[in-house]
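Chemist: Take this structure, written in structure tokens, and hold onto it; I'll ask about it next.
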Amino acid sequence: MRRPAMLLALLVSAAATMAAAQAAESHLFSVQDMIAMDRISDPQVSPDGKRIAFVVSALDLPANKRRTDLYLVSADGTGMRRLTSHEAADTSPRWSPDGRTLYFLSTRSGSSQIWRLSLDGGEAVAVTKLPLDVGSFLVSPDATKLAVALDVFIDCPTLECTTKRLDEVAGRKATGVIYDELFIRHWDTWSDHRRTHWHALSVSGGQIVDVMRGMDADSPSKPFGGAEEAAFTPDGKSLIFTAKDVGREDAWSTNYDLFVAPLDASSPPRDLTAANKAWDTLPVFSPDGKTLAYLAMAVPGYEADRFRIKLLPWPQGTLRTLAENWVLSPSSVVWSPDGKTLYAPTDSQGQKSLFAIDVASGSMPTVGKDGTADAPTPWGGRIIYMLDTLTAPVEIYSVKTDGTDAK
């Protein structure tokens with residue numbers, strides 16, 4: 001055999017060997033791979049911007065279920081550690097203002113309740129022991145109050161009244177249910193005639209108050225709403241929340257409004273956006289507490305309308321629309337620490353890009369264009385956010401506010 005032919009044969013043989021080795025090490029992506037992947041969600045940056053708490057959902061194959069736990073990592077990506085390892089579900093981490101405590105939801109007591117974990121050490125401690133499951137929650141600016149979302153019968157004056165009625169229904173021999181208005185179910189969950197209401201209570205316990213008392217409406221909204229649809233006022237004395245209070249028009253109306261209610265329920269909720277018959281939602285206060293930003297649609301009954309960014313001086317002032325001519329629809333907004341910029345994940349050209357909107361001028365440079373960006377939190381000249389692409393699952397990223405140096 002001539003030298004060129006021999007060399008070619010050796011190259012072909014080597015290539016075949018390498019291909020076989022690579023084939024043995026890799027395989028086509030399967031449904032088993034997808035199920036087995038750990039999934040990251042709900043990153044929460046500490047008040048000093050140095051740490052990130054987040055949720056990891058992992059497959060527990062022997063138990064035939066997924067389990068969720070809390071993790072902690074430094075903002076530079078170092079020192080990741082697992083915070084919880086209970087077999088129950090631990091979700092929704094929220095920081096105390098001093099950054100020394102994490103509040104979170106857990107089912108370890110047999111129902112969904114609020115727990116807290118000191119980052120100085122020690123075991124998790126139950127904060128609430130309510131007779132109903134806590135669906136979502138918020139911690140007040142001074143960490144003395146909690147807002148909790150509970151499913152209640154609106155004519156019941158106490159939580160015990162709701163639980164007693166549920167027990168009576170469960171004890172009936174007949175299982176039929178009568179509905180005289182819509183909705184009768186959301187996706188795979190049938191209505192049991194309860195409404196989700198925000199309640200307020202002290203972190204140290206005591207009396208719980210339904211701040212939406214008597215409202216025939218849900219907040220957070222069903223089926224996908226959460227704590228992002230509510231916010232404490234800067235003084236911590238009231239709660240702003242999103243609700244569609246339209247009675248029998250519920251099934252075909254998109255008239256969600258922002259309401260404000262005192263935590264002691266001394267007066268009924270007041271509609272802040274009654275003038276707009278379309279969708280108003282996602283309230284978030286500026287760092288100085290002087291401006292309320294939220295998202296609003298303009299066309300009643302048209303849920304595919306785009307969201308506009310609204311700015312309302314607090315506690316009163318003239319409402320204005322930021323970047324009215326922007327044709328895209330942001331999915332959320334978050335303030336920069338100096339209150340001069342709003343960051344907004346927004347669907348754009350097949351991606352979910354991250355935009356920075358100047359509050360004064362309305363200009364909107366793109367911070368991150370490719371992939372699906374979500375849950376941004378700006379701090380210290382950088383933005384912490386989640387990002388996934390067609391070739392990579394969700395990871396937590398950090399990027400400079402000008403869009404450079406993504407890590």
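Letters for chains follow the order of the structure tokens (A, B, ...), residue numbers begin at 1 for each chain, and ligand numbers begin at 1 in the order shown.
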Can you tell me which residues surround Trp252 (chain A) at a distance of at most 10 Å, considering only C-alpha atoms, apart from same-chain residues fewer than 2 positions away, and format the answer as a ChimeraX atom specification?
Modeler: /A:182-183,246,248-250,254-255,301-303
Chemist: Those selected residues, please, written with C-alpha atoms and delivered as a PDB file, in the first residue's frame.
Modeler:
```
ATOM      1  CA  LEU A 182     -69.165  31.338  35.463  1.00  0.00           C
ATOM      2  CA  PHE A 183     -66.339  30.473  35.976  1.00  0.00           C
ATOM      3  CA  VAL A 246     -67.297  42.691  37.859  1.00  0.00           C
ATOM      4  CA  ARG A 248     -71.499  37.994  36.662  1.00  0.00           C
ATOM      5  CA  GLU A 249     -69.407  39.545  33.868  1.00  0.00           C
ATOM      6  CA  ASP A 250     -66.363  37.660  35.203  1.00  0.00           C
ATOM      7  CA  THR A 254     -60.862  41.888  31.151  1.00  0.00           C
ATOM      8  CA  ASN A 255     -61.516  44.801  33.496  1.00  0.00           C
ATOM      9  CA  GLY A 301     -62.580  42.846  26.517  1.00  0.00           C
ATOM     10  CA  TYR A 302     -59.492  42.322  24.351  1.00  0.00           C
ATOM     11  CA  GLU A 303     -56.991  40.254  26.319  1.00  0.00           C
TER      12      GLU A 303
END
```
Chemist: Mind listing the strand (DSSP E or B) residues of region 153-316 of chain A, per DSSP on the backbone, as a PyMOL selection string?
Modeler: chain A and resi 185-186+189-190+195-202+205-210+230-232+238-243+257-262+270-271+280-285+291-296+308-313
Chemist: Please compute the CA of Ser267 (chain A)-CA of Leu201 (chain A) distance, one decimal, in Å.
Modeler: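 For CA of Ser267 (chain A) relative to CA of Leu201 (chain A), the distance reads 16.5 Å.
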Chemist: Just want the 12 Å neighbourhood of Ser204 (chain A), counted on only C-alpha atoms, with same-chain residues fewer than 4 positions away dropped. Output as a PyMOL selection string.
Modeler: chain A and resi 116+126-129+143-146+200+208
Chemist: Using only N, CA and C atoms, please write the residues we just selected to a file, as a tab-separated table (two decimals), in the first residue's frame.
Modeler:
```tsv
chain	number	residue	atom	x	y	z
A	116	ARG	N	-39.81	30.67	58.26
A	116	ARG	CA	-38.66	31.55	58.14
A	116	ARG	C	-37.40	30.79	58.54
A	126	ALA	N	-41.88	27.82	61.87
A	126	ALA	CA	-43.18	28.18	61.29
A	126	ALA	C	-43.59	29.58	61.72
A	127	VAL	N	-44.03	30.39	60.77
A	127	VAL	CA	-44.53	31.74	61.05
A	127	VAL	C	-46.04	31.74	61.14
A	128	THR	N	-46.71	31.01	60.23
A	128	THR	CA	-48.16	30.92	60.24
A	128	THR	C	-48.60	29.49	60.49
A	129	LYS	N	-49.73	29.36	61.18
A	129	LYS	CA	-50.37	28.06	61.40
A	129	LYS	C	-51.86	28.23	61.15
A	143	ALA	N	-41.09	44.56	57.74
A	143	ALA	CA	-41.09	43.15	58.14
A	143	ALA	C	-41.93	42.87	59.39
A	144	THR	N	-42.89	43.73	59.70
A	144	THR	CA	-43.75	43.49	60.86
A	144	THR	C	-45.10	42.91	60.46
A	145	LYS	N	-45.46	43.02	59.18
A	145	LYS	CA	-46.75	42.55	58.70
A	145	LYS	C	-46.56	41.58	57.53
A	146	LEU	N	-47.57	40.72	57.37
A	146	LEU	CA	-47.63	39.81	56.24
A	146	LEU	C	-48.95	39.99	55.51
A	200	ALA	N	-54.35	40.23	55.97
A	200	ALA	CA	-53.20	40.83	56.64
A	200	ALA	C	-53.12	40.33	58.07
A	208	ILE	N	-56.17	37.92	62.19
A	208	ILE	CA	-56.00	38.02	60.74
A	208	ILE	C	-57.19	38.75	60.15
```
Chemist: Skip His86 (chain A) itself and residues of its chain fewer than 4 positions away, then list as a list in words all residues within 8 Å of it, counting only C-alpha atoms.
Modeler: Asp69, Asp90 and Arg108 of chain A
Chemist: What's around Ser332 (chain A) at 10 Å? Count only C-alpha atoms, leave out sequence neighbours fewer than 3 positions away in its own chain, and write the answer as a PyMOL selection string.
Modeler: chain A and resi 228+281-284+294-295+307+309+329+342-346+374-376
Chemist: How many Å separate CA of Lys277 (chain A) from CA of Ala231 (chain A)?
Modeler: 21.4 Å
Chemist: Which is closest to Leu390 (chain A) among A:Pro315, A:Pro131, A:Pro330, A:Gly371, if we use only C-alpha atoms?
Modeler: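 The closest residue to Leu390 (chain A) is A:Gly371.
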Chemist: Just want the 7 Å neighbourhood of Leu239 (chain A), counted on only C-alpha atoms, with same-chain residues fewer than 4 positions away dropped. Output as a ChimeraX atom specification.
Modeler: /A:231-233,260-263
Chemist: Restricting the output to C-alpha atoms, write the selected residues as a JSON list (two decimals), in the first residue's frame.
Modeler:
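In the end it all went to selection-v3.json:
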```json
[["chain", "number", "residue", "atom", "x", "y", "z"],
["A", 231, "ALA", "CA", -47.67, 45.49, 46.72],
["A", 232, "PHE", "CA", -47.52, 47.13, 50.13],
["A", 233, "THR", "CA", -47.78, 50.90, 50.09],
["A", 260, "VAL", "CA", -55.92, 49.96, 47.66],
["A", 261, "ALA", "CA", -57.14, 48.77, 51.05],
["A", 262, "PRO", "CA", -55.98, 49.48, 54.63],
["A", 263, "LEU", "CA", -54.53, 46.46, 56.41]]
```
Chemist: Which is closest to Asp271 (chain A) among A:Ile357, A:Ala251, A:Met212, A:Ala88, if we use only C-alpha atoms?
Modeler: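 With only C-alpha atoms as the atom set, the closest residue is A:Met212.
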Chemist: Could you list, as a ChimeraX atom specification, every residue within 12 Å of Leu117 (chain A), counting only C-alpha atoms and ignoring same-chain residues fewer than 5 positions away?
Modeler: /A:53,70,83-84,90,93-96,99-106,122-127
Chemist: Would you put the residues from that selection into a file with N, CA, C and O atoms, as a PDB file, in the first residue's frame?
Modeler:
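The result, stored in part.pdb:
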```pdb
ATOM      1  N   ALA A  53     -31.165  34.091  46.550  1.00  0.00           N
ATOM      2  CA  ALA A  53     -31.895  32.885  46.937  1.00  0.00           C
ATOM      3  C   ALA A  53     -32.746  32.452  45.750  1.00  0.00           C
ATOM      4  O   ALA A  53     -33.299  33.290  45.034  1.00  0.00           O
ATOM      5  N   LEU A  70     -34.748  25.252  48.504  1.00  0.00           N
ATOM      6  CA  LEU A  70     -34.164  26.580  48.395  1.00  0.00           C
ATOM      7  C   LEU A  70     -32.642  26.479  48.365  1.00  0.00           C
ATOM      8  O   LEU A  70     -32.042  25.687  49.102  1.00  0.00           O
ATOM      9  N   LEU A  83     -30.105  25.308  51.049  1.00  0.00           N
ATOM     10  CA  LEU A  83     -30.621  25.800  52.320  1.00  0.00           C
ATOM     11  C   LEU A  83     -31.628  24.853  52.956  1.00  0.00           C
ATOM     12  O   LEU A  83     -31.721  24.783  54.185  1.00  0.00           O
ATOM     13  N   THR A  84     -32.427  24.157  52.153  1.00  0.00           N
ATOM     14  CA  THR A  84     -33.449  23.256  52.695  1.00  0.00           C
ATOM     15  C   THR A  84     -33.324  21.885  52.054  1.00  0.00           C
ATOM     16  O   THR A  84     -32.951  21.763  50.881  1.00  0.00           O
ATOM     17  N   ASP A  90     -40.570  23.311  49.399  1.00  0.00           N
ATOM     18  CA  ASP A  90     -40.161  24.628  49.894  1.00  0.00           C
ATOM     19  C   ASP A  90     -40.027  25.557  48.696  1.00  0.00           C
ATOM     20  O   ASP A  90     -39.253  25.280  47.774  1.00  0.00           O
ATOM     21  N   PRO A  93     -39.017  31.995  48.141  1.00  0.00           N
ATOM     22  CA  PRO A  93     -38.169  32.682  49.131  1.00  0.00           C
ATOM     23  C   PRO A  93     -38.336  34.192  49.044  1.00  0.00           C
ATOM     24  O   PRO A  93     -38.388  34.767  47.955  1.00  0.00           O
ATOM     25  N   ARG A  94     -38.403  34.856  50.199  1.00  0.00           N
ATOM     26  CA  ARG A  94     -38.495  36.314  50.262  1.00  0.00           C
ATOM     27  C   ARG A  94     -37.613  36.820  51.403  1.00  0.00           C
ATOM     28  O   ARG A  94     -37.659  36.292  52.512  1.00  0.00           O
ATOM     29  N   TRP A  95     -36.830  37.850  51.128  1.00  0.00           N
ATOM     30  CA  TRP A  95     -35.865  38.361  52.099  1.00  0.00           C
ATOM     31  C   TRP A  95     -36.522  39.287  53.112  1.00  0.00           C
ATOM     32  O   TRP A  95     -37.435  40.044  52.786  1.00  0.00           O
ATOM     33  N   SER A  96     -36.017  39.260  54.328  1.00  0.00           N
ATOM     34  CA  SER A  96     -36.338  40.303  55.297  1.00  0.00           C
ATOM     35  C   SER A  96     -35.546  41.543  54.926  1.00  0.00           C
ATOM     36  O   SER A  96     -34.517  41.451  54.246  1.00  0.00           O
ATOM     37  N   GLY A  99     -31.827  41.434  55.470  1.00  0.00           N
ATOM     38  CA  GLY A  99     -31.068  40.412  54.757  1.00  0.00           C
ATOM     39  C   GLY A  99     -30.595  39.251  55.604  1.00  0.00           C
ATOM     40  O   GLY A  99     -29.796  38.432  55.148  1.00  0.00           O
ATOM     41  N   ARG A 100     -31.089  39.116  56.823  1.00  0.00           N
ATOM     42  CA  ARG A 100     -30.633  38.056  57.712  1.00  0.00           C
ATOM     43  C   ARG A 100     -31.596  36.869  57.771  1.00  0.00           C
ATOM     44  O   ARG A 100     -31.270  35.824  58.336  1.00  0.00           O
ATOM     45  N   THR A 101     -32.787  37.049  57.186  1.00  0.00           N
ATOM     46  CA  THR A 101     -33.817  36.013  57.282  1.00  0.00           C
ATOM     47  C   THR A 101     -34.478  35.809  55.928  1.00  0.00           C
ATOM     48  O   THR A 101     -34.710  36.765  55.188  1.00  0.00           O
ATOM     49  N   LEU A 102     -34.798  34.555  55.625  1.00  0.00           N
ATOM     50  CA  LEU A 102     -35.589  34.220  54.447  1.00  0.00           C
ATOM     51  C   LEU A 102     -36.940  33.687  54.894  1.00  0.00           C
ATOM     52  O   LEU A 102     -37.021  32.753  55.703  1.00  0.00           O
ATOM     53  N   TYR A 103     -38.007  34.293  54.389  1.00  0.00           N
ATOM     54  CA  TYR A 103     -39.349  33.757  54.550  1.00  0.00           C
ATOM     55  C   TYR A 103     -39.659  32.914  53.314  1.00  0.00           C
ATOM     56  O   TYR A 103     -39.226  33.249  52.202  1.00  0.00           O
ATOM     57  N   PHE A 104     -40.403  31.839  53.500  1.00  0.00           N
ATOM     58  CA  PHE A 104     -40.721  30.997  52.347  1.00  0.00           C
ATOM     59  C   PHE A 104     -41.979  30.181  52.630  1.00  0.00           C
ATOM     60  O   PHE A 104     -42.430  30.076  53.786  1.00  0.00           O
ATOM     61  N   LEU A 105     -42.558  29.615  51.576  1.00  0.00           N
ATOM     62  CA  LEU A 105     -43.707  28.727  51.716  1.00  0.00           C
ATOM     63  C   LEU A 105     -43.222  27.290  51.801  1.00  0.00           C
ATOM     64  O   LEU A 105     -42.304  26.887  51.079  1.00  0.00           O
ATOM     65  N   SER A 106     -43.852  26.519  52.684  1.00  0.00           N
ATOM     66  CA  SER A 106     -43.503  25.107  52.828  1.00  0.00           C
ATOM     67  C   SER A 106     -44.743  24.312  53.207  1.00  0.00           C
ATOM     68  O   SER A 106     -45.632  24.817  53.895  1.00  0.00           O
ATOM     69  N   GLY A 122     -29.396  27.679  62.345  1.00  0.00           N
ATOM     70  CA  GLY A 122     -30.596  27.190  63.000  1.00  0.00           C
ATOM     71  C   GLY A 122     -31.585  26.573  62.030  1.00  0.00           C
ATOM     72  O   GLY A 122     -31.384  26.597  60.812  1.00  0.00           O
ATOM     73  N   GLU A 123     -32.636  25.999  62.582  1.00  0.00           N
ATOM     74  CA  GLU A 123     -33.659  25.330  61.795  1.00  0.00           C
ATOM     75  C   GLU A 123     -34.763  26.311  61.390  1.00  0.00           C
ATOM     76  O   GLU A 123     -34.934  27.369  62.008  1.00  0.00           O
ATOM     77  N   ALA A 124     -35.508  25.930  60.362  1.00  0.00           N
ATOM     78  CA  ALA A 124     -36.648  26.731  59.923  1.00  0.00           C
ATOM     79  C   ALA A 124     -37.737  26.713  60.985  1.00  0.00           C
ATOM     80  O   ALA A 124     -37.951  25.701  61.666  1.00  0.00           O
ATOM     81  N   VAL A 125     -38.427  27.847  61.126  1.00  0.00           N
ATOM     82  CA  VAL A 125     -39.470  28.002  62.135  1.00  0.00           C
ATOM     83  C   VAL A 125     -40.765  28.420  61.444  1.00  0.00           C
ATOM     84  O   VAL A 125     -40.758  29.285  60.556  1.00  0.00           O
ATOM     85  N   ALA A 126     -41.880  27.824  61.865  1.00  0.00           N
ATOM     86  CA  ALA A 126     -43.181  28.179  61.289  1.00  0.00           C
ATOM     87  C   ALA A 126     -43.588  29.577  61.724  1.00  0.00           C
ATOM     88  O   ALA A 126     -43.510  29.921  62.901  1.00  0.00           O
ATOM     89  N   VAL A 127     -44.035  30.390  60.769  1.00  0.00           N
ATOM     90  CA  VAL A 127     -44.526  31.739  61.054  1.00  0.00           C
ATOM     91  C   VAL A 127     -46.044  31.744  61.135  1.00  0.00           C
ATOM     92  O   VAL A 127     -46.634  32.396  61.986  1.00  0.00           O
TER      93      VAL A 127
END
```
Chemist: For the atom pair CA of Ala58 (chain A) and CA of Leu138 (chain A), what is the interatomic distance in Å to one decimal place?
Modeler: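 Those two atoms sit 25.6 Å apart.
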Chemist: Each residue of region 319-385 of chain A with at least one atom at most 8 Å from region 43-48 of chain A should appear once, together with its nearest atom pair and the corresponding distance in Å (one decimal); atoms considered: only C-alpha atoms; ordering: chain, then increasing residue number; output as a tab-separated table.
Modeler:
```
residue	atom	partner	partner_atom	distance
A:Ala375	CA	A:Pro43	CA	7.2
A:Thr377	CA	A:Val45	CA	7.0
A:Ile384	CA	A:Val45	CA	7.8
A:Tyr385	CA	A:Pro43	CA	7.6
```
Chemist: Restricted to C-alpha atoms, what would the selected residues look like written as an mmCIF file, in the first residue's frame?
Modeler:
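File out29.cif, as written:
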```cif
data_model
loop_
_atom_site.group_PDB
_atom_site.id
_atom_site.type_symbol
_atom_site.label_atom_id
_atom_site.label_comp_id
_atom_site.auth_asym_id
_atom_site.auth_seq_id
_atom_site.Cartn_x
_atom_site.Cartn_y
_atom_site.Cartn_z
ATOM 1 C CA ALA A 375 -37.216 38.175 36.650
ATOM 2 C CA THR A 377 -33.271 42.649 39.541
ATOM 3 C CA ILE A 384 -29.445 39.640 37.916
ATOM 4 C CA TYR A 385 -31.952 37.766 35.765
#
```
Chemist: Running DSSP on the backbone, which parts of region 116-272 of chain A land in alpha helix (DSSP H), as a CSV table (one decimal) with N, CA and C atoms, in the first residue's frame?
Modeler:
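Okay, this is what ended up in out_7.csv:
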```
chain,number,residue,atom,x,y,z
A,159,LEU,N,-62.0,32.6,59.2
A,159,LEU,CA,-61.4,31.4,58.5
A,159,LEU,C,-62.1,30.1,59.0
A,160,GLU,N,-62.4,30.1,60.3
A,160,GLU,CA,-63.0,28.9,60.8
A,160,GLU,C,-64.4,28.6,60.2
A,161,CYS,N,-65.1,29.7,59.8
A,161,CYS,CA,-66.3,29.5,59.1
A,161,CYS,C,-66.1,28.8,57.7
A,162,THR,N,-65.1,29.2,57.0
A,162,THR,CA,-64.8,28.6,55.7
A,162,THR,C,-64.4,27.1,55.9
A,163,THR,N,-63.5,26.8,56.9
A,163,THR,CA,-63.1,25.4,57.1
A,163,THR,C,-64.3,24.6,57.5
A,164,LYS,N,-65.2,25.1,58.4
A,164,LYS,CA,-66.4,24.4,58.8
A,164,LYS,C,-67.3,24.0,57.6
A,165,ARG,N,-67.5,25.0,56.7
A,165,ARG,CA,-68.3,24.8,55.5
A,165,ARG,C,-67.7,23.7,54.6
A,166,LEU,N,-66.3,23.8,54.5
A,166,LEU,CA,-65.7,22.8,53.6
A,166,LEU,C,-65.8,21.4,54.2
A,167,ASP,N,-65.8,21.3,55.5
A,167,ASP,CA,-66.0,20.0,56.2
A,167,ASP,C,-67.4,19.5,56.0
A,168,GLU,N,-68.4,20.4,56.0
A,168,GLU,CA,-69.8,20.0,55.8
A,168,GLU,C,-70.0,19.5,54.4
A,169,VAL,N,-69.3,20.1,53.4
A,169,VAL,CA,-69.4,19.7,52.0
A,169,VAL,C,-68.8,18.3,51.8
A,170,ALA,N,-67.6,18.1,52.5
A,170,ALA,CA,-66.9,16.9,52.3
A,170,ALA,C,-67.7,15.7,53.0
```
